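Participant: Sending over my_file_20.pdb (PDB, C-alpha atoms).
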ATOM      1  CA  MET A   6      70.400 101.845 250.975
ATOM      2  CA  THR A   7      70.575 101.396 247.216
ATOM      3  CA  ASP A   8      67.710 103.009 245.380
ATOM      4  CA  ILE A   9      66.704 100.056 243.258
ATOM      5  CA  GLN A  10      63.958 101.931 241.448
ATOM      6  CA  ASN A  11      66.483 104.312 239.930
ATOM      7  CA  LYS A  12      68.946 101.614 239.016
ATOM      8  CA  ASP A  13      68.698 100.795 235.303
ATOM      9  CA  VAL A  14      69.216  97.279 234.005
ATOM     10  CA  VAL A  15      70.670  97.501 230.502
ATOM     11  CA  ALA A  16      70.428  93.840 229.429
ATOM     12  CA  TYR A  17      66.904  94.071 227.969
ATOM     13  CA  SER A  18      66.034  97.732 228.432
ATOM     14  CA  ASP A  19      64.440  98.491 225.033
ATOM     15  CA  GLU A  20      61.563  97.017 223.049
ATOM     16  CA  LYS A  21      63.771  95.421 220.390
ATOM     17  CA  SER A  22      65.918  93.551 222.900
ATOM     18  CA  GLU A  23      62.790  92.491 224.801
ATOM     19  CA  LYS A  24      61.283  90.950 221.675
ATOM     20  CA  LYS A  25      64.545  89.117 221.036
ATOM     21  CA  LEU A  26      64.418  87.822 224.608
ATOM     22  CA  PHE A  27      60.860  86.532 224.160
ATOM     23  CA  ARG A  28      61.721  84.770 220.887
ATOM     24  CA  GLN A  29      64.818  83.189 222.392
ATOM     25  CA  LEU A  30      62.924  82.056 225.469
ATOM     26  CA  PHE A  31      60.120  80.618 223.334
ATOM     27  CA  ILE A  32      62.558  78.548 221.261
ATOM     28  CA  ARG A  33      64.772  77.336 224.097
ATOM     29  CA  GLN A  34      61.996  76.214 226.443
ATOM     30  CA  PHE A  35      60.834  73.369 224.176
ATOM     31  CA  PRO A  36      63.448  70.761 225.291
ATOM     32  CA  LEU A  37      62.396  71.203 228.956
ATOM     33  CA  LEU A  38      61.803  67.448 229.260
ATOM     34  CA  GLY A  39      64.999  66.623 227.373
ATOM     35  CA  SER A  40      67.164  65.839 230.404
ATOM     36  CA  MET A  41      64.757  64.443 232.987
ATOM     37  CA  ASN A  42      66.498  62.719 235.900
ATOM     38  CA  PHE A  43      65.572  61.695 239.421
ATOM     39  CA  THR A  44      67.743  64.261 241.194
ATOM     40  CA  ARG A  45      66.793  67.486 239.382
ATOM     41  CA  MET A  46      63.891  66.465 237.129
ATOM     42  CA  GLU A  47      63.676  69.363 234.585
ATOM     43  CA  GLY A  48      66.310  71.455 236.374
ATOM     44  CA  LEU A  49      69.177  71.025 233.930
ATOM     45  CA  SER A  50      66.991  71.887 230.928
ATOM     46  CA  TYR A  51      65.630  74.890 232.816
ATOM     47  CA  GLY A  52      69.153  76.206 233.376
ATOM     48  CA  TRP A  53      70.125  75.469 229.763
ATOM     49  CA  ALA A  54      67.078  77.354 228.444
ATOM     50  CA  LEU A  55      67.985  80.490 230.407
ATOM     51  CA  ALA A  56      71.764  80.282 229.960
ATOM     52  CA  PRO A  57      72.290  82.789 227.084
ATOM     53  CA  MET A  58      69.904  85.295 228.664
ATOM     54  CA  LEU A  59      71.588  84.986 232.050
ATOM     55  CA  LYS A  60      74.953  85.469 230.342
ATOM     56  CA  LYS A  61      73.728  88.743 228.873
ATOM     57  CA  ILE A  62      72.238  89.894 232.182
ATOM     58  CA  TYR A  63      75.533  89.265 233.988
ATOM     59  CA  ALA A  64      77.760  90.408 231.115
ATOM     60  CA  GLY A  65      81.250  91.210 232.370
ATOM     61  CA  ASP A  66      80.745  89.277 235.618
ATOM     62  CA  PRO A  67      81.381  85.567 234.914
ATOM     63  CA  HIS A  68      81.310  84.647 238.605
ATOM     64  CA  ARG A  69      77.747  85.928 239.109
ATOM     65  CA  TYR A  70      76.725  84.372 235.790
ATOM     66  CA  LEU A  71      77.911  80.954 236.957
ATOM     67  CA  GLU A  72      76.139  81.456 240.270
ATOM     68  CA  SER A  73      72.888  82.255 238.458
ATOM     69  CA  LEU A  74      73.347  79.237 236.169
ATOM     70  CA  LYS A  75      73.860  76.983 239.166
ATOM     71  CA  ARG A  76      70.882  78.545 240.937
ATOM     72  CA  ASN A  77      68.604  77.917 237.961
ATOM     73  CA  SER A  78      69.738  74.321 237.411
ATOM     74  CA  GLN A  79      68.367  73.099 240.729
ATOM     75  CA  PHE A  80      65.355  70.804 241.121
ATOM     76  CA  PHE A  81      62.424  71.942 239.002
ATOM     77  CA  ASN A  82      59.348  70.064 237.822
ATOM     78  CA  THR A  83      56.143  71.516 236.383
ATOM     79  CA  ASN A  84      53.906  71.396 233.338
ATOM     80  CA  GLN A  85      55.979  72.376 230.299
ATOM     81  CA  HIS A  86      53.189  74.500 228.805
ATOM     82  CA  LEU A  87      53.141  76.831 231.835
ATOM     83  CA  ALA A  88      56.875  76.741 232.584
ATOM     84  CA  PRO A  89      57.697  79.774 230.344
ATOM     85  CA  PHE A  90      55.766  82.035 232.738
ATOM     86  CA  ILE A  91      58.070  80.975 235.574
ATOM     87  CA  MET A  92      61.090  81.348 233.277
ATOM     88  CA  GLY A  93      60.103  84.916 232.378
ATOM     89  CA  LEU A  94      59.568  85.750 236.043
ATOM     90  CA  THR A  95      62.946  84.223 236.887
ATOM     91  CA  LEU A  96      64.721  86.345 234.262
ATOM     92  CA  SER A  97      63.067  89.472 235.608
ATOM     93  CA  MET A  98      64.236  88.637 239.133
ATOM     94  CA  GLU A  99      67.747  87.889 237.876
ATOM     95  CA  GLU A 100      67.824  91.320 236.240
ATOM     96  CA  GLU A 101      66.805  92.880 239.537
ATOM     97  CA  ASN A 102      69.549  90.911 241.266
ATOM     98  CA  ALA A 103      72.101  92.185 238.746
ATOM     99  CA  ALA A 104      71.016  95.771 239.447
ATOM    100  CA  ASN A 105      70.608  95.544 243.216
ATOM    101  CA  PRO A 106      73.476  94.114 245.320
ATOM    102  CA  ASN A 107      71.103  93.751 248.300
ATOM    103  CA  PHE A 108      68.654  91.533 246.425
ATOM    104  CA  ASP A 109      67.788  88.253 248.197
ATOM    105  CA  THR A 110      68.674  85.543 245.666
ATOM    106  CA  SER A 111      66.906  82.859 247.731
ATOM    107  CA  SER A 112      63.615  84.452 246.680
ATOM    108  CA  ILE A 113      64.249  83.354 243.074
ATOM    109  CA  ASN A 114      64.195  79.639 243.826
ATOM    110  CA  GLY A 115      61.557  80.219 246.511
ATOM    111  CA  ILE A 116      59.057  81.574 244.013
ATOM    112  CA  LYS A 117      59.982  78.888 241.456
ATOM    113  CA  VAL A 118      59.284  76.120 243.969
ATOM    114  CA  ALA A 119      56.052  77.769 245.092
ATOM    115  CA  LEU A 120      54.693  78.087 241.544
ATOM    116  CA  MET A 121      55.806  74.789 240.035
ATOM    117  CA  GLY A 122      53.376  72.671 242.103
ATOM    118  CA  PRO A 123      50.142  74.570 241.371
ATOM    119  CA  PHE A 124      51.167  75.109 237.736
ATOM    120  CA  ALA A 125      51.817  71.380 237.341
ATOM    121  CA  GLY A 126      48.357  70.545 238.672
ATOM    122  CA  VAL A 127      46.530  73.124 236.549
ATOM    123  CA  GLY A 128      48.558  72.524 233.387
ATOM    124  CA  ASP A 129      48.413  68.732 233.505
ATOM    125  CA  SER A 130      44.673  68.757 234.230
ATOM    126  CA  PHE A 131      43.862  71.151 231.406
ATOM    127  CA  PHE A 132      46.208  69.966 228.645
ATOM    128  CA  TYR A 133      46.220  66.222 229.331
ATOM    129  CA  GLY A 134      42.879  65.734 231.048
ATOM    130  CA  VAL A 135      40.681  68.155 229.080
ATOM    131  CA  LEU A 136      42.156  69.627 225.883
ATOM    132  CA  ARG A 137      43.794  66.423 224.637
ATOM    133  CA  ILE A 138      40.597  64.423 225.247
ATOM    134  CA  ILE A 139      38.464  66.966 223.385
ATOM    135  CA  ALA A 140      40.941  67.087 220.480
ATOM    136  CA  THR A 141      41.083  63.285 220.336
ATOM    137  CA  GLY A 142      37.275  62.948 220.364
ATOM    138  CA  ILE A 143      36.894  65.364 217.457
ATOM    139  CA  ALA A 144      39.780  63.792 215.518
ATOM    140  CA  ILE A 145      38.617  60.180 215.956
ATOM    141  CA  GLY A 146      35.128  61.001 214.659
ATOM    142  CA  LEU A 147      36.566  62.466 211.450
ATOM    143  CA  ALA A 148      39.432  59.998 211.040
ATOM    144  CA  SER A 149      37.080  56.998 211.329
ATOM    145  CA  GLN A 150      35.289  58.341 208.243
ATOM    146  CA  GLY A 151      38.580  58.629 206.363
ATOM    147  CA  ASN A 152      38.645  62.411 206.620
ATOM    148  CA  LEU A 153      42.178  63.846 206.660
ATOM    149  CA  LEU A 154      40.946  66.753 208.757
ATOM    150  CA  GLY A 155      40.910  64.388 211.742
ATOM    151  CA  PRO A 156      44.640  64.310 212.539
ATOM    152  CA  LEU A 157      45.056  67.895 211.308
ATOM    153  CA  LEU A 158      42.399  69.194 213.684
ATOM    154  CA  PHE A 159      43.927  67.220 216.544
ATOM    155  CA  LEU A 160      47.281  68.919 215.991
ATOM    156  CA  LEU A 161      45.690  72.364 215.694
ATOM    157  CA  ILE A 162      43.321  72.078 218.668
ATOM    158  CA  TYR A 163      46.051  70.784 220.946
ATOM    159  CA  ASN A 164      49.090  72.745 219.771
ATOM    160  CA  VAL A 165      47.747  76.227 218.985
ATOM    161  CA  PRO A 166      46.742  76.954 222.622
ATOM    162  CA  SER A 167      49.984  75.342 223.775
ATOM    163  CA  TYR A 168      52.194  77.492 221.553
ATOM    164  CA  LEU A 169      50.329  80.692 222.401
ATOM    165  CA  LEU A 170      50.622  79.975 226.114
ATOM    166  CA  ARG A 171      54.291  79.078 225.808
ATOM    167  CA  TYR A 172      55.097  82.391 224.106
ATOM    168  CA  TYR A 173      52.815  84.824 225.901
ATOM    169  CA  GLY A 174      53.353  83.067 229.221
ATOM    170  CA  GLY A 175      57.020  84.056 229.049
ATOM    171  CA  VAL A 176      56.044  87.611 228.098
ATOM    172  CA  MET A 177      53.603  87.900 231.009
ATOM    173  CA  GLY A 178      56.025  86.419 233.524
ATOM    174  CA  TYR A 179      58.836  88.752 232.503
ATOM    175  CA  ARG A 180      56.732  91.907 232.397
ATOM    176  CA  LEU A 181      54.899  91.094 235.601
ATOM    177  CA  GLY A 182      58.220  90.607 237.350
ATOM    178  CA  SER A 183      59.838  93.740 235.956
ATOM    179  CA  LYS A 184      56.833  95.793 237.047
ATOM    180  CA  TYR A 185      56.449  94.563 240.602
ATOM    181  CA  ILE A 186      59.709  92.986 241.818
ATOM    182  CA  ALA A 187      61.475  96.292 242.529
ATOM    183  CA  GLU A 188      58.485  97.716 244.412
ATOM    184  CA  ALA A 189      57.984  94.470 246.317
ATOM    185  CA  THR A 190      61.646  94.398 247.332
ATOM    186  CA  GLN A 191      61.639  97.960 248.602
ATOM    187  CA  SER A 192      58.352  97.629 250.502
ATOM    188  CA  GLY A 193      59.306  94.349 252.145
ATOM    189  CA  LEU A 194      56.531  92.457 250.368
ATOM    190  CA  LEU A 195      59.033  90.245 248.556
ATOM    191  CA  SER A 196      60.398  89.045 251.890
ATOM    192  CA  CYS A 197      56.888  87.982 252.927
ATOM    193  CA  ILE A 198      56.342  86.288 249.566
ATOM    194  CA  THR A 199      59.658  84.466 249.934
ATOM    195  CA  LYS A 200      58.694  83.112 253.357
ATOM    196  CA  ALA A 201      55.273  82.056 252.110
ATOM    197  CA  SER A 202      56.891  80.467 249.044
ATOM    198  CA  ALA A 203      59.335  78.552 251.226
ATOM    199  CA  ILE A 204      56.464  77.191 253.337
ATOM    200  CA  MET A 205      54.478  76.179 250.274
ATOM    201  CA  GLY A 206      57.596  74.692 248.699
ATOM    202  CA  LEU A 207      58.207  72.527 251.759
ATOM    203  CA  MET A 208      54.579  71.405 251.668
ATOM    204  CA  MET A 209      54.917  70.485 247.984
ATOM    205  CA  VAL A 210      58.143  68.557 248.595
ATOM    206  CA  GLY A 211      56.467  66.706 251.452
ATOM    207  CA  ALA A 212      53.419  65.897 249.315
ATOM    208  CA  MET A 213      55.608  64.720 246.423
ATOM    209  CA  SER A 214      57.663  62.533 248.767
ATOM    210  CA  ALA A 215      54.523  60.960 250.213
ATOM    211  CA  SER A 216      53.000  60.270 246.799
ATOM    212  CA  MET A 217      56.131  59.239 244.865
ATOM    213  CA  VAL A 218      58.153  57.214 247.397
ATOM    214  CA  LYS A 219      56.599  53.762 247.819
ATOM    215  CA  PHE A 220      57.799  51.064 250.219
ATOM    216  CA  THR A 221      55.230  48.493 251.339
ATOM    217  CA  THR A 222      56.317  45.482 253.393
ATOM    218  CA  THR A 223      54.879  42.017 252.682
ATOM    219  CA  PHE A 224      56.228  40.240 255.757
ATOM    220  CA  LYS A 225      53.565  38.118 257.488
ATOM    221  CA  THR A 226      53.818  35.496 260.214
ATOM    222  CA  THR A 227      51.934  34.058 263.175
ATOM    223  CA  ILE A 228      52.800  34.882 266.776
ATOM    224  CA  ALA A 229      51.039  33.017 269.606
ATOM    225  CA  GLY A 230      48.357  31.901 267.183
ATOM    226  CA  GLN A 231      47.643  35.462 266.031
ATOM    227  CA  PRO A 232      48.482  36.772 262.575
ATOM    228  CA  PHE A 233      51.268  39.324 262.522
ATOM    229  CA  ILE A 234      51.319  41.653 259.511
ATOM    230  CA  LEU A 235      54.276  44.009 259.653
ATOM    231  CA  GLN A 236      52.770  46.668 257.373
ATOM    232  CA  ASP A 237      49.640  46.943 259.540
ATOM    233  CA  ILE A 238      51.793  47.520 262.621
ATOM    234  CA  LEU A 239      53.823  50.200 260.843
ATOM    235  CA  ASP A 240      50.663  51.927 259.602
ATOM    236  CA  LYS A 241      49.321  52.075 263.156
ATOM    237  CA  ILE A 242      52.537  53.802 264.258
ATOM    238  CA  CYS A 243      52.656  56.214 261.315
ATOM    239  CA  VAL A 244      51.263  55.839 257.793
ATOM    240  CA  GLY A 245      54.172  55.963 255.350
ATOM    241  CA  LEU A 246      56.776  55.578 258.102
ATOM    242  CA  ILE A 247      59.371  53.706 256.032
ATOM    243  CA  PRO A 248      59.115  56.057 252.985
ATOM    244  CA  LEU A 249      59.529  58.984 255.392
ATOM    245  CA  LEU A 250      62.631  57.416 256.937
ATOM    246  CA  LEU A 251      64.038  56.712 253.458
ATOM    247  CA  VAL A 252      63.529  60.344 252.372
ATOM    248  CA  LEU A 253      65.112  61.694 255.572
ATOM    249  CA  GLY A 254      67.991  59.211 255.227
ATOM    250  CA  CYS A 255      68.668  60.291 251.638
ATOM    251  CA  LEU A 256      68.506  63.932 252.695
ATOM    252  CA  LYS A 257      71.044  63.255 255.454
ATOM    253  CA  LEU A 258      73.424  61.581 253.006
ATOM    254  CA  LEU A 259      73.065  64.374 250.444
ATOM    255  CA  ASN A 260      73.727  66.984 253.144
ATOM    256  CA  LYS A 261      76.953  65.104 253.900
ATOM    257  CA  LYS A 262      77.944  65.578 250.236
ATOM    258  CA  VAL A 263      77.389  61.944 249.302
ATOM    259  CA  SER A 264      77.019  61.613 245.539
ATOM    260  CA  PRO A 265      73.372  61.237 244.340
ATOM    261  CA  ASN A 266      74.514  58.276 242.222
ATOM    262  CA  ARG A 267      75.819  56.538 245.341
ATOM    263  CA  VAL A 268      72.536  57.220 247.113
ATOM    264  CA  LEU A 269      70.643  55.657 244.198
ATOM    265  CA  ILE A 270      72.912  52.612 244.218
ATOM    266  CA  LEU A 271      72.417  52.288 247.986
ATOM    267  CA  LEU A 272      68.636  52.340 247.533
ATOM    268  CA  ILE A 273      68.846  49.653 244.836
ATOM    269  CA  VAL A 274      70.998  47.443 247.070
ATOM    270  CA  LEU A 275      68.613  48.031 249.975
ATOM    271  CA  GLY A 276      65.655  47.049 247.812
ATOM    272  CA  PHE A 277      67.288  43.798 246.660
ATOM    273  CA  ALA A 278      68.373  42.967 250.207
ATOM    274  CA  ALA A 279      64.895  43.595 251.618
ATOM    275  CA  ALA A 280      63.343  41.430 248.882
ATOM    276  CA  ALA A 281      65.891  38.660 249.499
ATOM    277  CA  VAL A 282      64.986  38.342 253.191
ATOM    278  CA  GLY A 283      61.260  38.519 252.467
ATOM    279  CA  ILE A 284      60.452  41.959 253.877
ATOM    280  CA  VAL A 285      59.143  43.335 250.585
TER     281      VAL A 285
END
If you took the structure in this file and wrote it as structure tokens, what would it be?

Facilitator:
Amino acid sequence: MTDIQNKDVVAYSDEKSEKKLFRQLFIRQFPLLGSMNFTRMEGLSYGWALAPMLKKIYAGDPHRYLESLKRNSQFFNTNQHLAPFIMGLTLSMEEENAANPNFDTSSINGIKVALMGPFAGVGDSFFYGVLRIIATGIAIGLASQGNLLGPLLFLLIYNVPSYLLRYYGGVMGYRLGSKYIAEATQSGLLSCITKASAIMGLMMVGAMSASMVKFTTTFKTTIAGQPFILQDILDKICVGLIPLLLVLGCLKLLNKKVSPNRVLILLIVLGFAAAAVGIV
């Protein structure tokens, strides 16, 4: 078995190169919401942000570099203020993968999927539900009196914590990963974490599907003098039955290599057809 603890990774092995990595990661993570789409959400921007660092990690091996780029351009969606922590952790795991040929690459996306849900909830609640409201309350009080400190304080109160978290989050994620990933891999702990991450990831995907996919029927009629409401019947069978069938149907088509654009067009046609016959 390869001794992964004695295997040196030369990509970012000294303090100077580490600092360069942190600066580069800090700058490139800002456009995370720049290519949002319904198939990968922030995935493409995530892969773009890590691209030059992955290229250095897999220097001299273009095939593995392209594999890592593809791996890190999959579906990803979380709060952009906390995303650098996951990015730093990802880079650390990619370095371990470059050094250890027996590394389980599925654990990289497994941990990403497991973290993005909780981080989205915590980050959105704090930055949008707490910090922004506090900053706005302070700024409005001053701005209503004509004080220029109002908008200035809003920018400082909201952005200073954001920028600090964006930078040091990447530092913490990278250093946490580089410290524990090798030990976790050798002890078998990483395998357990991967399985737990996969379970949590499936739960998050299920929760997102249930909350984001909406399909409510409006068909009503009278049968034998009794009102017949189709949605009530479906809810008695299984709440969210049609959204569930739509998600499973899309998954089946995607597994058969049907283009996501064709799936989207099919859903649009289905929606118009269902509205035309009075189902929705």

Participant: Of the residues A:Ile284, A:Leu269, A:Leu170, A:Leu239, which is the one nearest to A:Thr223, using only C-alpha atoms?

Facilitator: A:Ile284

Participant: Which residue, A:Tyr163, A:Ala279, A:Asn266, A:Gly122, has the smallest gap to A:Gly211 when you use only C-alpha atoms?

Facilitator: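 Closest to A:Gly211 of all the choices is A:Gly122.
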
Participant: I would like the residues chosen by the PyMOL selection byres ((chain A and resi 214) around 12) on the shown file; could you give them as a PyMOL selection string?

Facilitator: chain A and resi 207-213+215-220+245-253+255-256

Participant: Translate the PyMOL selection byres ((chain A and resi 39-52) around 8) into a concrete residue list for this structure, as a list of chain:residue names.

Facilitator: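 Residues picked by the PyMOL selection byres ((chain A and resi 39-52) around 8): A:Gln34, A:Pro36, A:Leu37, A:Leu38, A:Trp53, A:Ala54, A:Leu55, A:Ala56, A:Leu74, A:Lys75, A:Asn77, A:Ser78, A:Gln79, A:Phe80, A:Phe81, A:Asn82, A:Met92, A:Pro265.
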
Participant: Leaving out A:Ala281 and any residue of its chain fewer than 5 positions from it, which residues lie within 12 Å of it when counting all atoms listed in the file, given as a PDB file with C-alpha atoms, keeping the file's coordinate frame?

Facilitator:
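See out-v9.pdb below for the written result:
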ATOM      1  CA  THR A 223      54.879  42.017 252.682  1.00  0.00           C
ATOM      2  CA  PHE A 224      56.228  40.240 255.757  1.00  0.00           C
ATOM      3  CA  VAL A 274      70.998  47.443 247.070  1.00  0.00           C
ATOM      4  CA  LEU A 275      68.613  48.031 249.975  1.00  0.00           C
ATOM      5  CA  GLY A 276      65.655  47.049 247.812  1.00  0.00           C
TER       6      GLY A 276
END

Participant: Taking all listed atoms of stretch 50-60 of chain A, build the axis-aligned box, pad each of the six sides by 5 Å, then write its centre and edge lengths in Å to one decimal as lines of an AutoDock Vina configuration file.

Facilitator:
center_x = 70.3
center_y = 78.7
center_z = 230.2
size_x = 19.3
size_y = 23.6
size_z = 16.3

Participant: Quick check, in Å to one decimal: how far apart do atom CA of A:Asn84 and atom CA of A:Arg171 lie?

Facilitator: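 So the answer is 10.8 Å.
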
Participant: Using all atoms listed in the file, which of the listed residues (A:Ile234, A:Leu272, A:Val127, A:Ile113) sits closest to A:Ile91?

Facilitator: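 Using all atoms listed in the file, A:Ile91 sits closest to A:Ile113.
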
Participant: By how many Å are atom CA of A:Pro156 and atom CA of A:Arg137 apart?

Facilitator: 12.3 Å

Participant: Quick one, how far is atom CA of A:Asp129 from atom CA of A:Ser167?

Facilitator: 11.9 Å

Participant: Which of these residues is nearest to A:Thr83, using all atoms listed in the file: A:Leu71, A:Val268, A:Met121, A:Ile228?

Facilitator: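 Looking only at the distances to A:Thr83, the closest residue turns out to be A:Met121.
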
Participant: Please determine, counting all atoms listed in the file, which residue among A:Glu100, A:His86, A:Gly126, A:Ser112 has the shortest atom-to-atom distance to A:Val165.

Facilitator: A:His86

Participant: Could you check the closest approach to A:Leu96 for each of A:Tyr179, A:Phe159, A:Tyr70, A:Phe35 and tell me which residue wins, using all atoms listed in the file?

Facilitator: A:Tyr179

Participant: At a cut-off of 9 Å, using only C-alpha atoms, what residues contact A:Gly178? Leave out same-chain residues fewer than 5 positions from it and give the result as a VMD selection string.

Facilitator: chain A and resid 89 to 97 173 183

Participant: Taking the partial coordinates given, rebuild stretch 258-266 of chain A to contain all heavy atoms; return it as an mmCIF file, keeping the file's coordinate frame.

Facilitator:
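Result file rebuild_21.cif:
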data_model
loop_
_atom_site.group_PDB
_atom_site.id
_atom_site.type_symbol
_atom_site.label_atom_id
_atom_site.label_comp_id
_atom_site.auth_asym_id
_atom_site.auth_seq_id
_atom_site.Cartn_x
_atom_site.Cartn_y
_atom_site.Cartn_z
ATOM 1 N N LEU A 258 72.253 61.946 253.805
ATOM 2 C CA LEU A 258 73.424 61.581 253.006
ATOM 3 C C LEU A 258 73.802 62.698 252.031
ATOM 4 O O LEU A 258 74.987 63.010 251.857
ATOM 5 C CB LEU A 258 73.147 60.286 252.247
ATOM 6 C CG LEU A 258 73.016 59.013 253.102
ATOM 7 C CD1 LEU A 258 72.584 57.832 252.245
ATOM 8 C CD2 LEU A 258 74.338 58.696 253.816
ATOM 9 N N LEU A 259 72.791 63.292 251.393
ATOM 10 C CA LEU A 259 73.065 64.374 250.444
ATOM 11 C C LEU A 259 73.647 65.591 251.148
ATOM 12 O O LEU A 259 74.523 66.274 250.605
ATOM 13 C CB LEU A 259 71.784 64.751 249.700
ATOM 14 C CG LEU A 259 71.228 63.690 248.733
ATOM 15 C CD1 LEU A 259 69.870 64.114 248.195
ATOM 16 C CD2 LEU A 259 72.197 63.432 247.585
ATOM 17 N N ASN A 260 73.172 65.864 252.367
ATOM 18 C CA ASN A 260 73.727 66.984 253.144
ATOM 19 C C ASN A 260 75.183 66.737 253.533
ATOM 20 O O ASN A 260 75.947 67.684 253.757
ATOM 21 C CB ASN A 260 72.894 67.227 254.398
ATOM 22 C CG ASN A 260 71.569 67.901 254.085
ATOM 23 O OD1 ASN A 260 71.427 68.556 253.054
ATOM 24 N ND2 ASN A 260 70.589 67.739 254.954
ATOM 25 N N LYS A 261 75.563 65.459 253.602
ATOM 26 C CA LYS A 261 76.953 65.104 253.900
ATOM 27 C C LYS A 261 77.796 65.005 252.633
ATOM 28 O O LYS A 261 78.903 64.476 252.653
ATOM 29 C CB LYS A 261 77.002 63.775 254.661
ATOM 30 C CG LYS A 261 76.483 63.880 256.086
ATOM 31 C CD LYS A 261 76.674 62.566 256.837
ATOM 32 C CE LYS A 261 76.264 62.687 258.303
ATOM 33 N NZ LYS A 261 76.475 61.427 259.048
ATOM 34 N N LYS A 262 77.247 65.514 251.530
ATOM 35 C CA LYS A 262 77.944 65.578 250.236
ATOM 36 C C LYS A 262 78.177 64.203 249.617
ATOM 37 O O LYS A 262 79.110 64.013 248.836
ATOM 38 C CB LYS A 262 79.290 66.317 250.368
ATOM 39 C CG LYS A 262 79.205 67.690 251.012
ATOM 40 C CD LYS A 262 78.292 68.624 250.227
ATOM 41 C CE LYS A 262 78.225 70.006 250.862
ATOM 42 N NZ LYS A 262 77.289 70.906 250.139
ATOM 43 N N VAL A 263 77.326 63.246 249.962
ATOM 44 C CA VAL A 263 77.389 61.944 249.302
ATOM 45 C C VAL A 263 76.800 62.087 247.903
ATOM 46 O O VAL A 263 75.761 62.735 247.710
ATOM 47 C CB VAL A 263 76.610 60.875 250.103
ATOM 48 C CG1 VAL A 263 76.636 59.532 249.378
ATOM 49 C CG2 VAL A 263 77.195 60.741 251.502
ATOM 50 N N SER A 264 77.457 61.502 246.923
ATOM 51 C CA SER A 264 77.019 61.613 245.539
ATOM 52 C C SER A 264 75.600 61.063 245.362
ATOM 53 O O SER A 264 75.270 59.999 245.902
ATOM 54 C CB SER A 264 77.982 60.845 244.629
ATOM 55 O OG SER A 264 77.432 60.693 243.340
ATOM 56 N N PRO A 265 74.719 61.765 244.604
ATOM 57 C CA PRO A 265 73.372 61.237 244.340
ATOM 58 C C PRO A 265 73.396 59.861 243.690
ATOM 59 O O PRO A 265 72.518 59.030 243.957
ATOM 60 C CB PRO A 265 72.768 62.284 243.394
ATOM 61 C CG PRO A 265 73.501 63.543 243.702
ATOM 62 C CD PRO A 265 74.899 63.120 244.057
ATOM 63 N N ASN A 266 74.408 59.596 242.848
ATOM 64 C CA ASN A 266 74.514 58.276 242.222
ATOM 65 C C ASN A 266 74.759 57.192 243.264
ATOM 66 O O ASN A 266 74.201 56.091 243.184
ATOM 67 C CB ASN A 266 75.639 58.268 241.189
ATOM 68 C CG ASN A 266 75.307 59.117 239.974
ATOM 69 O OD1 ASN A 266 74.144 59.269 239.612
ATOM 70 N ND2 ASN A 266 76.316 59.685 239.342
#
